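Below: one structure, written as structure tokens.
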Protein chains: 2
Amino acid sequence: MKINENFLKVESSYLFSTVAKKQREYQQAHPDKEVIRLSIGDVTQPLAGAVIEAMHKAVDEMGSAETFRGYPPEYGYDFIIEAVRKNDYEARGIDIKADEIFLSDGAKSDCGNIGDIFSTDNKVAICDPVYPVYLDTTVMAGRSGDKGEDGLYKNVIYMPCLRENNFMPQLPEETPDIIYLCFPNNPIGVAASKDELTKWVNYALKNNCVILYDSAYEAFITDYSPKSIYEIDGAKKCAIEFRSFSKTAGFTGMRCGYTVVPHELCFYGTELNALWARRQATKFNGVSYITQRAAEAVYSEEGKKQTGEIIAYYQRNARAIYDGLTAAGFTCFGAVNSPYVWLEVPAGMTSWEFFDDLLSKCQVVGTPGSGFGKSGEGYLRLTAFGNYEKTLEAIDRIKRVYGK
Amino acid sequence: MKINENFLKVESSYLFSTVAKKQREYQQAHPDKEVIRLSIGDVTQPLAGAVIEAMHKAVDEMGSAETFRGYPPEYGYDFIIEAVRKNDYEARGIDIKADEIFLSDGAKSDCGNIGDIFSTDNKVAICDPVYPVYLDTTVMAGRSGDKGEDGLYKNVIYMPCLRENNFMPQLPEETPDIIYLCFPNNPIGVAASKDELTKWVNYALKNNCVILYDSAYEAFITDYSPKSIYEIDGAKKCAIEFRSFSKTAGFTGMRCGYTVVPHELCFYGTELNALWARRQATKFNGVSYITQRAAEAVYSEEGKKQTGEIIAYYQRNARAIYDGLTAAGFTCFGAVNSPYVWLEVPAGMTSWEFFDDLLSKCQVVGTPGSGFGKSGEGYLRLTAFGNYEKTLEAIDRIKRVYGK
């Protein structure tokens with residue numbers, strides 16, 4: 001019996017686990033201090049009233065023989081698929097068919113599992129810094145090659161997102177087969193314009209690549225940036241899109257997202273839609289009925305209004321962090337179209353050094369930029385998902401210690 | 001961009017989808033007839049009152065800022081892990097550590113995803129007939145080789161479960177690396193004795209194999225057969241166990257199960273526990289908080305009593321099918337330790353022919369044994385998960401048409 005040795009090539013500790021461990025250790029050593037956590041991208045505000053109401057109703061249905069529901073359809077009940085199709089696509093002038101939408105237990109699962117349908121020979125391009133799941137699952141699947149002395153995997157095409165390019169990845173010199181893109185991006189918090197995305201779609205079409213487009217943060221867009229890659233002509237022929245209710249409706253504890261695989265997306269005569277349908281039917285068994293009703297309620301009139309208020313709450317946090325820290329002399333990015341603020345750490349410090357400094361001096365937890373990739377070194381990610389008053393308190397503490 | 005071509009080697013239509021399609025087509029052609037479905041292994045009875053109550057409470061918690069919960073721990077909240085550890089293992093004299101238990105969205109996902117941690121070079125042994133997920137995921141991962149003229153995959157070791165061996169698989173002549181076992185088995189419905197399982201554990205230990213043990217039906221055991229493979233000495237050194245709340249507590253629409261990976265399970269110095277932990281932390285984001293509270297309630301005093309009554313209800317169905325059809329002249333197996341009855345089809349008919357015959361003459365839907373594998377030919381699986389009165393009606397119809 002042989003194990004999948006690619007697993008041994010992955011960094012053994014998951015970034016967020018390390019952050020949590022450091023926080024825990026600090027708190028244990030200083031039980032009197034109140035630590036404020038602006039690190040993980042986890043929401044804190046309660047679910048919308050319409051969602052709660054829908055769930056109580058669904059729970060009652062599960063308790064009665066007449067209305068009980070067993071195995072859900074593998075790709076989602078019609079009621080939620082239809083709500084997604086109409087609200088997230090049709091309403092924005094995008095024609096997505098019901099059988100192109102696959103409900104799941106979250107974008108993280110889908111972003112990782114999608115690799116199943118591709119050959120392990122494919123060359124993967126990822127942004128740097130980036131949400132760790134894209135790279136880690138690439139490594140685990142055997143697509144990365146070994147790690148070099150420079151800390152980079154030999155077969156991965158890294159696309160640095162640097163300040164000099166407004167944190168936008170540049171078209172790679174070496175042609176990849178699979179391109180992971182996420183906008184508004186994580187961890188930086190910058191959205192891509194229509195022109196920017198058009199450049200990528202055209203590149204993918206010309207070079208026969210597939211774009212894996214993570215749109216988990218679209219609800220935070222405040223300008224004219226596209227919310228879906230399918231707003232770009234030709235994207236249905238080259239892109240799969242991942243969406244999540246986690247950030248849109250505070251569903252991190254609920255586990256629900258969806259993936260769109262258009263029928264037009266075809267390689268050598270095989271529809272990727274058919275492959276993903278097969279993958280999900282075989283290795284997944286659908287989403288809890290109660291969760292599906294909860295997701296449906298997000299699209300109700302009340303649900304839209306209430307979740308909109310929650311997003312606005314977090315947007316106010318983002319703005320407060322950005323403005324507060326900028327006023328304190330920090331250079332900040334993100335925030336406008338995103339719940340993330342990307343902070344330049346003080347000169348002479350590494351990301352982790354500033355993380356430790358911030359924890360010990362201000363009792364504020366961020367996420368070190370270098371944890372998201374080499375080009376994240378020198379930055380720290382702060383998130384807007386906290387409580388407003390706590391967020392203001394954190395900014396205040398940072399100002400007092402580091403303010404100029 | 002290349003697709004994973006192994007996907008093209010899988011049977012393009014999933015067994016249960018085909019069954020559902022035939023049923024739908026029949027119903028459309030005969031809208032006046034009442035079709036009774038004894039096919040899919042899906043429960044029909046409502047959730048236990050204790051579970052419903054726990055969910056209402058959890059829903060309310062999600063609606064209040066003080067009690068709201070975001071991302072769940074990737075491997076499950078302590079409260080449910082502890083309930084599993086105590087009730088399913090400690091109470092049966094088995095010492096399983098909390099960090100050896102991984103909560104998930106169901107045994108189907110885990111049975112498929114577990115393949116991620118193994119090399120694709122491993123040789124897989126599966127029973128025949130068998131739950132299709134083991135074989136299909138083996139094919140999709142590239143471990144099966146091509147399909148031969150005989151309909152069998154060249155690199156898979158098939159272990160026929162035939163009447164002459166009491167439907168028990170025999171130790172294979174060629175040594176596998178990975179052995180899928182499920183007891184009480186699906187589709188046949190026969191449990192393995194302690195001696196039988198001891199034979200497998202010893203074989204795996206001697207030959208350096210890993211056993212993937214699916215114990216989804218343990219709640220239906222009525223005799224002294226082991227409910228867990230860890231009741232066998234040495235199993236912690238060679239076996240991973242999958243469990244599900246689907247059949248135990250009617251959770252098919254809820255999506256919850258768990259996988260046990262003991263620390264002692266080690267190959268060439270690597271703990272499989274660490275690999276699975278890494279897999280789940282990277283490609284999975286935990287189970288809905290509400291579902292976890294529902295699962296916890298299954299282990300409460302009330303929950304145990306109520307789910308026990310539901311199991312008893314299905315067991316009565318199983319007995320009725322078995323006794324009724326035996327009295328009608330059919331040869332039946334299973335039922336005693338299982339919600340499944342394995343029926344020999346009338347001489348001269350194939351499984352699918354009898355399926356069609358039964359649908360058109362009795363409006364009863366079963367699942368063709370041949371759909372579970374070559375050695376299932378000549379059998380039909382009936383399930384006890386229906387409504388009692390409807391089940392009796394189905395038996396009656398079968399008796400009237402085929403009774404001797």
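Every chain in the structure tokens takes a letter, A first, then B, and so on in the order presented; its residues are numbered from 1, and the ligands are numbered from 1 following the presented order.
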
Any chance you could dump chain B, least-squares fitted to chain A on all C-alpha atoms in order, as a tab-separated table (two decimals) with C-alpha atoms, in the first residue's frame?
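Saved file result-v3.tsv follows:
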chain	number	residue	atom	x	y	z
B	1	MET	CA	-0.02	-0.05	-0.07
B	2	LYS	CA	1.45	3.23	-1.12
B	3	ILE	CA	0.28	6.62	0.05
B	4	ASN	CA	-0.11	9.61	-2.25
B	5	GLU	CA	3.36	11.02	-1.74
B	6	ASN	CA	2.34	14.39	-3.12
B	7	PHE	CA	0.72	14.98	0.26
B	8	LEU	CA	4.18	15.06	1.79
B	9	LYS	CA	5.11	17.99	-0.43
B	10	VAL	CA	2.43	20.26	1.06
B	11	GLU	CA	3.40	22.63	3.84
B	12	SER	CA	2.51	20.60	6.87
B	13	SER	CA	0.74	23.37	8.74
B	14	TYR	CA	-2.20	25.15	7.27
B	15	LEU	CA	-1.78	28.93	7.47
B	16	PHE	CA	-4.93	29.66	9.43
B	17	SER	CA	-4.23	26.88	11.89
B	18	THR	CA	-0.86	28.44	12.67
B	19	VAL	CA	-2.44	31.84	13.15
B	20	ALA	CA	-5.07	30.34	15.46
B	21	LYS	CA	-2.40	28.51	17.42
B	22	LYS	CA	-0.34	31.65	17.98
B	23	GLN	CA	-3.43	33.50	19.09
B	24	ARG	CA	-4.40	30.70	21.49
B	25	GLU	CA	-0.92	30.56	22.98
B	26	TYR	CA	-0.83	34.32	23.47
B	27	GLN	CA	-4.25	34.30	25.09
B	28	GLN	CA	-3.25	31.49	27.46
B	29	ALA	CA	-0.13	33.38	28.48
B	30	HIS	CA	-2.12	36.62	28.90
B	31	PRO	CA	-5.60	35.66	30.11
B	32	ASP	CA	-6.33	39.26	31.16
B	33	LYS	CA	-5.87	40.73	27.68
B	34	GLU	CA	-8.69	40.99	25.17
B	35	VAL	CA	-7.51	39.77	21.81
B	36	ILE	CA	-9.31	41.19	18.77
B	37	ARG	CA	-9.30	38.90	15.78
B	38	LEU	CA	-9.14	40.51	12.35
B	39	SER	CA	-7.50	37.46	10.84
B	40	ILE	CA	-9.64	34.71	9.39
B	41	GLY	CA	-12.27	35.55	6.79
B	42	ASP	CA	-15.07	34.42	9.04
B	43	VAL	CA	-18.25	36.38	9.53
B	44	THR	CA	-19.61	37.35	12.93
B	45	GLN	CA	-23.05	38.82	12.32
B	46	PRO	CA	-26.12	36.60	12.79
B	47	LEU	CA	-28.03	35.22	9.84
B	48	ALA	CA	-30.79	37.33	8.30
B	49	GLY	CA	-34.26	37.00	9.83
B	50	ALA	CA	-35.70	35.66	6.56
B	51	VAL	CA	-33.10	32.90	6.58
B	52	ILE	CA	-33.83	31.96	10.19
B	53	GLU	CA	-37.55	31.86	9.47
B	54	ALA	CA	-37.06	29.66	6.38
B	55	MET	CA	-34.94	27.24	8.41
B	56	HIS	CA	-37.48	26.88	11.20
B	57	LYS	CA	-40.06	26.05	8.56
B	58	ALA	CA	-37.75	23.52	6.88
B	59	VAL	CA	-36.90	21.91	10.23
B	60	ASP	CA	-40.61	21.41	10.88
B	61	GLU	CA	-41.02	19.85	7.45
B	62	MET	CA	-38.32	17.32	8.33
B	63	GLY	CA	-40.26	16.39	11.44
B	64	SER	CA	-43.45	15.37	9.66
B	65	ALA	CA	-43.97	12.30	7.46
B	66	GLU	CA	-45.97	14.28	4.89
B	67	THR	CA	-43.26	16.85	4.28
B	68	PHE	CA	-40.08	14.93	5.16
B	69	ARG	CA	-37.33	14.99	2.53
B	70	GLY	CA	-34.67	12.33	2.09
B	71	TYR	CA	-31.69	12.45	-0.25
B	72	PRO	CA	-31.60	15.82	-1.95
B	73	PRO	CA	-31.00	15.99	-5.71
B	74	GLU	CA	-27.22	15.72	-6.16
B	75	TYR	CA	-26.99	19.12	-7.86
B	76	GLY	CA	-29.54	21.00	-5.75
B	77	TYR	CA	-33.30	21.36	-5.56
B	78	ASP	CA	-34.96	23.21	-8.45
B	79	PHE	CA	-36.12	25.98	-6.09
B	80	ILE	CA	-32.58	27.06	-5.20
B	81	ILE	CA	-31.05	26.46	-8.63
B	82	GLU	CA	-33.77	28.62	-10.14
B	83	ALA	CA	-33.23	31.36	-7.54
B	84	VAL	CA	-29.50	31.39	-8.33
B	85	ARG	CA	-30.06	31.37	-12.09
B	86	LYS	CA	-32.53	34.25	-11.99
B	87	ASN	CA	-30.93	36.48	-9.38
B	88	ASP	CA	-27.22	35.98	-9.87
B	89	TYR	CA	-27.23	35.62	-13.64
B	90	GLU	CA	-30.43	36.49	-15.54
B	91	ALA	CA	-30.85	39.72	-13.57
B	92	ARG	CA	-27.38	40.73	-14.77
B	93	GLY	CA	-28.11	39.81	-18.37
B	94	ILE	CA	-26.26	36.50	-18.26
B	95	ASP	CA	-27.90	33.39	-19.69
B	96	ILE	CA	-26.94	30.42	-17.52
B	97	LYS	CA	-28.99	27.23	-17.77
B	98	ALA	CA	-30.32	25.47	-14.67
B	99	ASP	CA	-28.26	22.36	-15.42
B	100	GLU	CA	-25.09	24.42	-15.57
B	101	ILE	CA	-25.42	25.23	-11.84
B	102	PHE	CA	-24.24	22.74	-9.19
B	103	LEU	CA	-25.07	23.43	-5.55
B	104	SER	CA	-22.47	22.28	-3.04
B	105	ASP	CA	-21.33	22.50	0.57
B	106	GLY	CA	-19.10	25.44	-0.23
B	107	ALA	CA	-16.65	27.02	-2.65
B	108	LYS	CA	-13.67	25.60	-0.77
B	109	SER	CA	-14.76	22.02	-1.47
B	110	ASP	CA	-15.47	22.81	-5.11
B	111	CYS	CA	-12.22	24.73	-5.72
B	112	GLY	CA	-10.35	21.69	-4.45
B	113	ASN	CA	-12.49	18.91	-5.89
B	114	ILE	CA	-12.68	20.43	-9.37
B	115	GLY	CA	-9.15	19.10	-9.91
B	116	ASP	CA	-10.63	15.59	-10.14
B	117	ILE	CA	-11.90	16.24	-13.66
B	118	PHE	CA	-8.56	17.40	-15.07
B	119	SER	CA	-5.52	15.39	-16.07
B	120	THR	CA	-2.71	15.53	-13.52
B	121	ASP	CA	-0.38	16.54	-16.37
B	122	ASN	CA	-1.91	19.99	-16.66
B	123	LYS	CA	0.17	23.00	-15.80
B	124	VAL	CA	-1.42	25.31	-13.26
B	125	ALA	CA	-1.03	29.08	-12.94
B	126	ILE	CA	-1.90	30.79	-9.68
B	127	CYS	CA	-1.64	34.29	-8.34
B	128	ASP	CA	0.91	35.08	-5.65
B	129	PRO	CA	-0.19	35.84	-2.93
B	130	VAL	CA	-3.27	33.66	-3.07
B	131	TYR	CA	-5.88	31.75	-1.05
B	132	PRO	CA	-3.86	28.64	-0.03
B	133	VAL	CA	-6.44	26.09	-1.23
B	134	TYR	CA	-5.61	26.53	-4.95
B	135	LEU	CA	-1.94	25.79	-4.44
B	136	ASP	CA	-2.30	23.10	-1.79
B	137	THR	CA	-4.80	21.10	-3.82
B	138	THR	CA	-2.56	21.48	-6.87
B	139	VAL	CA	0.31	20.01	-4.86
B	140	MET	CA	-1.82	17.19	-3.42
B	141	ALA	CA	-3.00	16.22	-6.90
B	142	GLY	CA	0.58	15.93	-8.12
B	143	ARG	CA	0.53	18.90	-10.49
B	144	SER	CA	3.10	21.05	-8.70
B	145	GLY	CA	6.34	19.10	-8.96
B	146	ASP	CA	8.84	19.41	-6.14
B	147	LYS	CA	9.55	22.49	-4.11
B	148	GLY	CA	12.74	24.29	-5.04
B	149	GLU	CA	15.29	26.02	-2.79
B	150	ASP	CA	13.39	29.24	-3.42
B	151	GLY	CA	10.27	27.80	-1.77
B	152	LEU	CA	8.42	27.66	-5.09
B	153	TYR	CA	7.05	24.52	-6.72
B	154	LYS	CA	8.83	23.78	-9.97
B	155	ASN	CA	5.83	23.06	-12.21
B	156	VAL	CA	3.59	25.83	-10.94
B	157	ILE	CA	3.37	29.10	-12.84
B	158	TYR	CA	3.28	31.86	-10.23
B	159	MET	CA	1.73	35.16	-11.19
B	160	PRO	CA	2.95	37.81	-8.74
B	161	CYS	CA	0.40	40.45	-7.75
B	162	LEU	CA	2.58	43.40	-6.91
B	163	ARG	CA	2.00	47.00	-6.04
B	164	GLU	CA	3.63	48.18	-9.28
B	165	ASN	CA	0.91	46.37	-11.26
B	166	ASN	CA	-1.94	47.47	-8.98
B	167	PHE	CA	-1.85	43.93	-7.56
B	168	MET	CA	-3.14	42.50	-10.84
B	169	PRO	CA	-1.54	39.32	-12.20
B	170	GLN	CA	0.19	39.67	-15.57
B	171	LEU	CA	-0.39	37.25	-18.45
B	172	PRO	CA	2.17	34.49	-17.89
B	173	GLU	CA	5.08	33.97	-20.29
B	174	GLU	CA	4.80	30.21	-20.11
B	175	THR	CA	1.36	29.00	-21.21
B	176	PRO	CA	-0.62	27.25	-18.45
B	177	ASP	CA	-3.50	24.79	-18.91
B	178	ILE	CA	-5.42	25.80	-15.81
B	179	ILE	CA	-5.58	29.34	-14.42
B	180	TYR	CA	-6.96	30.05	-10.96
B	181	LEU	CA	-8.32	33.59	-10.68
B	182	CYS	CA	-10.23	35.16	-7.82
B	183	PHE	CA	-11.71	38.67	-7.95
B	184	PRO	CA	-12.19	40.62	-5.77
B	185	ASN	CA	-9.03	38.80	-4.82
B	186	ASN	CA	-8.05	37.21	-1.57
B	187	PRO	CA	-5.95	38.23	0.31
B	188	ILE	CA	-5.38	41.62	-1.33
B	189	GLY	CA	-8.96	42.76	-1.75
B	190	VAL	CA	-8.76	44.26	-5.23
B	191	ALA	CA	-11.42	43.76	-7.92
B	192	ALA	CA	-10.69	43.27	-11.62
B	193	SER	CA	-12.22	45.63	-14.16
B	194	LYS	CA	-14.11	44.43	-17.20
B	195	ASP	CA	-11.09	45.22	-19.40
B	196	GLU	CA	-8.80	43.27	-17.11
B	197	LEU	CA	-11.04	40.19	-17.16
B	198	THR	CA	-11.53	40.48	-20.92
B	199	LYS	CA	-7.76	40.21	-21.29
B	200	TRP	CA	-7.81	36.92	-19.36
B	201	VAL	CA	-10.76	35.45	-21.21
B	202	ASN	CA	-9.16	36.23	-24.56
B	203	TYR	CA	-5.87	34.76	-23.40
B	204	ALA	CA	-7.59	31.55	-22.22
B	205	LEU	CA	-9.55	31.21	-25.46
B	206	LYS	CA	-6.43	31.74	-27.56
B	207	ASN	CA	-4.29	29.34	-25.53
B	208	ASN	CA	-6.88	26.64	-24.85
B	209	CYS	CA	-6.78	27.16	-21.06
B	210	VAL	CA	-9.54	26.77	-18.54
B	211	ILE	CA	-10.04	29.58	-16.00
B	212	LEU	CA	-11.18	28.54	-12.53
B	213	TYR	CA	-12.84	31.73	-11.36
B	214	ASP	CA	-13.55	32.20	-7.68
B	215	SER	CA	-16.14	34.90	-7.20
B	216	ALA	CA	-16.73	34.35	-3.48
B	217	TYR	CA	-16.45	38.07	-2.68
B	218	GLU	CA	-18.65	39.53	-5.42
B	219	ALA	CA	-21.18	40.87	-2.89
B	220	PHE	CA	-18.58	43.38	-1.71
B	221	ILE	CA	-18.13	45.06	-5.09
B	222	THR	CA	-19.19	48.70	-4.90
B	223	ASP	CA	-18.02	49.96	-8.30
B	224	TYR	CA	-18.61	48.70	-11.84
B	225	SER	CA	-16.29	45.69	-11.66
B	226	PRO	CA	-17.88	42.47	-12.98
B	227	LYS	CA	-19.44	40.22	-10.35
B	228	SER	CA	-19.29	37.21	-12.64
B	229	ILE	CA	-16.72	36.22	-15.25
B	230	TYR	CA	-19.64	35.44	-17.54
B	231	GLU	CA	-20.16	39.19	-17.94
B	232	ILE	CA	-17.23	38.85	-20.35
B	233	ASP	CA	-17.93	37.68	-23.92
B	234	GLY	CA	-16.56	34.21	-24.55
B	235	ALA	CA	-16.14	33.31	-20.87
B	236	LYS	CA	-18.63	30.47	-21.13
B	237	LYS	CA	-16.18	28.76	-23.49
B	238	CYS	CA	-13.25	28.93	-21.07
B	239	ALA	CA	-14.32	29.47	-17.46
B	240	ILE	CA	-15.81	27.67	-14.48
B	241	GLU	CA	-17.16	29.97	-11.76
B	242	PHE	CA	-17.31	29.28	-8.01
B	243	ARG	CA	-19.71	31.16	-5.76
B	244	SER	CA	-20.43	30.98	-2.09
B	245	PHE	CA	-23.11	32.08	0.35
B	246	SER	CA	-20.46	32.33	3.05
B	247	LYS	CA	-19.55	35.96	2.55
B	248	THR	CA	-22.69	37.04	0.70
B	249	ALA	CA	-25.11	35.92	3.40
B	250	GLY	CA	-22.97	34.99	6.40
B	251	PHE	CA	-23.20	31.26	5.68
B	252	THR	CA	-19.72	30.23	6.88
B	253	GLY	CA	-21.31	28.04	9.55
B	254	MET	CA	-23.97	26.77	7.15
B	255	ARG	CA	-21.86	25.38	4.28
B	256	CYS	CA	-23.37	26.29	0.95
B	257	GLY	CA	-22.02	27.44	-2.36
B	258	TYR	CA	-22.32	26.61	-6.03
B	259	THR	CA	-20.28	26.07	-9.15
B	260	VAL	CA	-21.22	27.00	-12.70
B	261	VAL	CA	-19.95	24.83	-15.54
B	262	PRO	CA	-21.38	26.02	-18.87
B	263	HIS	CA	-22.14	23.46	-21.58
B	264	GLU	CA	-20.07	25.50	-24.03
B	265	LEU	CA	-16.97	24.64	-22.03
B	266	CYS	CA	-15.65	21.80	-24.11
B	267	PHE	CA	-12.21	20.26	-24.56
B	268	TYR	CA	-11.55	17.75	-27.35
B	269	GLY	CA	-15.25	17.08	-27.66
B	270	THR	CA	-15.91	16.50	-23.95
B	271	GLU	CA	-18.11	18.88	-21.98
B	272	LEU	CA	-16.62	19.69	-18.59
B	273	ASN	CA	-20.23	19.98	-17.42
B	274	ALA	CA	-20.71	16.23	-17.93
B	275	LEU	CA	-17.50	15.45	-16.06
B	276	TRP	CA	-18.38	17.63	-13.08
B	277	ALA	CA	-21.92	16.24	-13.03
B	278	ARG	CA	-20.45	12.77	-12.89
B	279	ARG	CA	-17.95	13.73	-10.21
B	280	GLN	CA	-20.61	15.21	-7.99
B	281	ALA	CA	-23.09	12.36	-8.53
B	282	THR	CA	-20.42	9.87	-7.52
B	283	LYS	CA	-18.52	11.59	-4.72
B	284	PHE	CA	-21.09	13.97	-3.25
B	285	ASN	CA	-24.66	13.53	-2.12
B	286	GLY	CA	-26.15	17.00	-2.15
B	287	VAL	CA	-26.71	19.74	0.41
B	288	SER	CA	-28.91	19.57	3.51
B	289	TYR	CA	-32.53	20.42	2.65
B	290	ILE	CA	-32.63	22.94	5.50
B	291	THR	CA	-29.55	24.71	4.18
B	292	GLN	CA	-31.04	24.83	0.70
B	293	ARG	CA	-34.17	26.51	2.04
B	294	ALA	CA	-31.92	28.93	3.93
B	295	ALA	CA	-30.09	29.77	0.70
B	296	GLU	CA	-33.37	30.25	-1.12
B	297	ALA	CA	-34.45	32.77	1.52
B	298	VAL	CA	-31.38	34.88	0.78
B	299	TYR	CA	-33.01	35.69	-2.57
B	300	SER	CA	-36.42	36.66	-1.12
B	301	GLU	CA	-37.26	40.34	-0.97
B	302	GLU	CA	-36.73	40.44	2.81
B	303	GLY	CA	-33.64	38.26	2.53
B	304	LYS	CA	-32.00	40.53	-0.02
B	305	LYS	CA	-32.71	43.61	2.10
B	306	GLN	CA	-31.43	41.99	5.30
B	307	THR	CA	-28.28	40.45	3.84
B	308	GLY	CA	-27.62	43.75	2.08
B	309	GLU	CA	-27.60	45.42	5.49
B	310	ILE	CA	-25.11	42.88	6.82
B	311	ILE	CA	-22.80	43.44	3.85
B	312	ALA	CA	-23.09	47.20	4.44
B	313	TYR	CA	-22.09	46.64	8.08
B	314	TYR	CA	-18.91	44.85	7.02
B	315	GLN	CA	-18.21	47.43	4.33
B	316	ARG	CA	-18.31	50.13	7.01
B	317	ASN	CA	-15.72	48.10	8.95
B	318	ALA	CA	-13.52	47.81	5.88
B	319	ARG	CA	-13.70	51.54	5.29
B	320	ALA	CA	-12.94	52.26	8.95
B	321	ILE	CA	-9.85	50.04	8.91
B	322	TYR	CA	-8.64	51.51	5.65
B	323	ASP	CA	-9.19	55.13	6.66
B	324	GLY	CA	-8.00	54.69	10.23
B	325	LEU	CA	-4.77	52.96	9.35
B	326	THR	CA	-4.09	55.27	6.43
B	327	ALA	CA	-4.49	58.20	8.83
B	328	ALA	CA	-2.05	56.47	11.17
B	329	GLY	CA	0.56	56.50	8.42
B	330	PHE	CA	0.13	52.98	7.02
B	331	THR	CA	-0.16	52.28	3.33
B	332	CYS	CA	-3.34	50.29	2.71
B	333	PHE	CA	-4.99	48.61	-0.26
B	334	GLY	CA	-8.26	46.76	-0.80
B	335	ALA	CA	-11.38	47.62	1.23
B	336	VAL	CA	-13.33	49.37	-1.55
B	337	ASN	CA	-14.61	46.21	-3.24
B	338	SER	CA	-13.69	43.77	-0.54
B	339	PRO	CA	-13.87	42.83	3.12
B	340	TYR	CA	-10.07	42.71	3.16
B	341	VAL	CA	-7.49	45.41	3.83
B	342	TRP	CA	-3.97	44.73	2.62
B	343	LEU	CA	-1.52	46.57	4.82
B	344	GLU	CA	2.13	47.30	4.15
B	345	VAL	CA	4.05	46.29	7.27
B	346	PRO	CA	6.51	48.77	8.81
B	347	ALA	CA	9.86	48.95	7.00
B	348	GLY	CA	12.37	46.37	8.15
B	349	MET	CA	9.86	43.87	9.38
B	350	THR	CA	8.64	40.64	7.80
B	351	SER	CA	4.97	39.75	7.70
B	352	TRP	CA	5.31	37.29	10.58
B	353	GLU	CA	7.39	39.71	12.64
B	354	PHE	CA	4.71	42.34	12.30
B	355	PHE	CA	2.04	39.73	13.06
B	356	ASP	CA	3.82	38.88	16.34
B	357	ASP	CA	4.42	42.54	17.13
B	358	LEU	CA	0.78	43.43	16.55
B	359	LEU	CA	-0.41	40.54	18.67
B	360	SER	CA	1.88	41.33	21.59
B	361	LYS	CA	1.58	45.14	21.51
B	362	CYS	CA	-2.03	45.63	20.41
B	363	GLN	CA	-3.61	42.20	20.94
B	364	VAL	CA	-4.82	42.38	17.36
B	365	VAL	CA	-4.62	39.30	15.13
B	366	GLY	CA	-4.09	39.70	11.40
B	367	THR	CA	-2.93	37.19	8.79
B	368	PRO	CA	0.68	37.44	7.57
B	369	GLY	CA	0.79	38.22	3.86
B	370	SER	CA	3.71	35.83	3.34
B	371	GLY	CA	1.43	32.99	4.41
B	372	PHE	CA	-0.43	33.51	1.14
B	373	GLY	CA	2.69	33.31	-0.99
B	374	LYS	CA	6.16	34.73	-1.51
B	375	SER	CA	4.92	37.98	-3.03
B	376	GLY	CA	2.75	38.57	0.02
B	377	GLU	CA	5.87	39.15	2.11
B	378	GLY	CA	5.84	42.61	3.67
B	379	TYR	CA	2.06	42.74	3.98
B	380	LEU	CA	-0.59	41.81	6.51
B	381	ARG	CA	-4.23	41.05	5.77
B	382	LEU	CA	-6.90	42.48	8.04
B	383	THR	CA	-10.55	41.54	7.65
B	384	ALA	CA	-13.71	43.54	8.04
B	385	PHE	CA	-15.80	40.65	9.35
B	386	GLY	CA	-15.55	41.62	13.00
B	387	ASN	CA	-17.88	43.49	15.26
B	388	TYR	CA	-17.87	47.24	14.44
B	389	GLU	CA	-17.03	48.48	17.92
B	390	LYS	CA	-14.27	45.91	18.31
B	391	THR	CA	-12.89	46.85	14.92
B	392	LEU	CA	-12.76	50.53	15.95
B	393	GLU	CA	-11.04	49.49	19.18
B	394	ALA	CA	-8.46	47.51	17.21
B	395	ILE	CA	-7.77	50.47	14.94
B	396	ASP	CA	-7.39	52.67	17.99
B	397	ARG	CA	-4.88	50.35	19.57
B	398	ILE	CA	-2.86	50.17	16.35
B	399	LYS	CA	-2.93	53.96	16.06
B	400	ARG	CA	-1.67	54.38	19.62
B	401	VAL	CA	1.28	52.02	19.09
B	402	TYR	CA	2.27	52.68	15.49
B	403	GLY	CA	0.61	56.02	14.69
B	404	LYS	CA	2.76	58.78	13.28
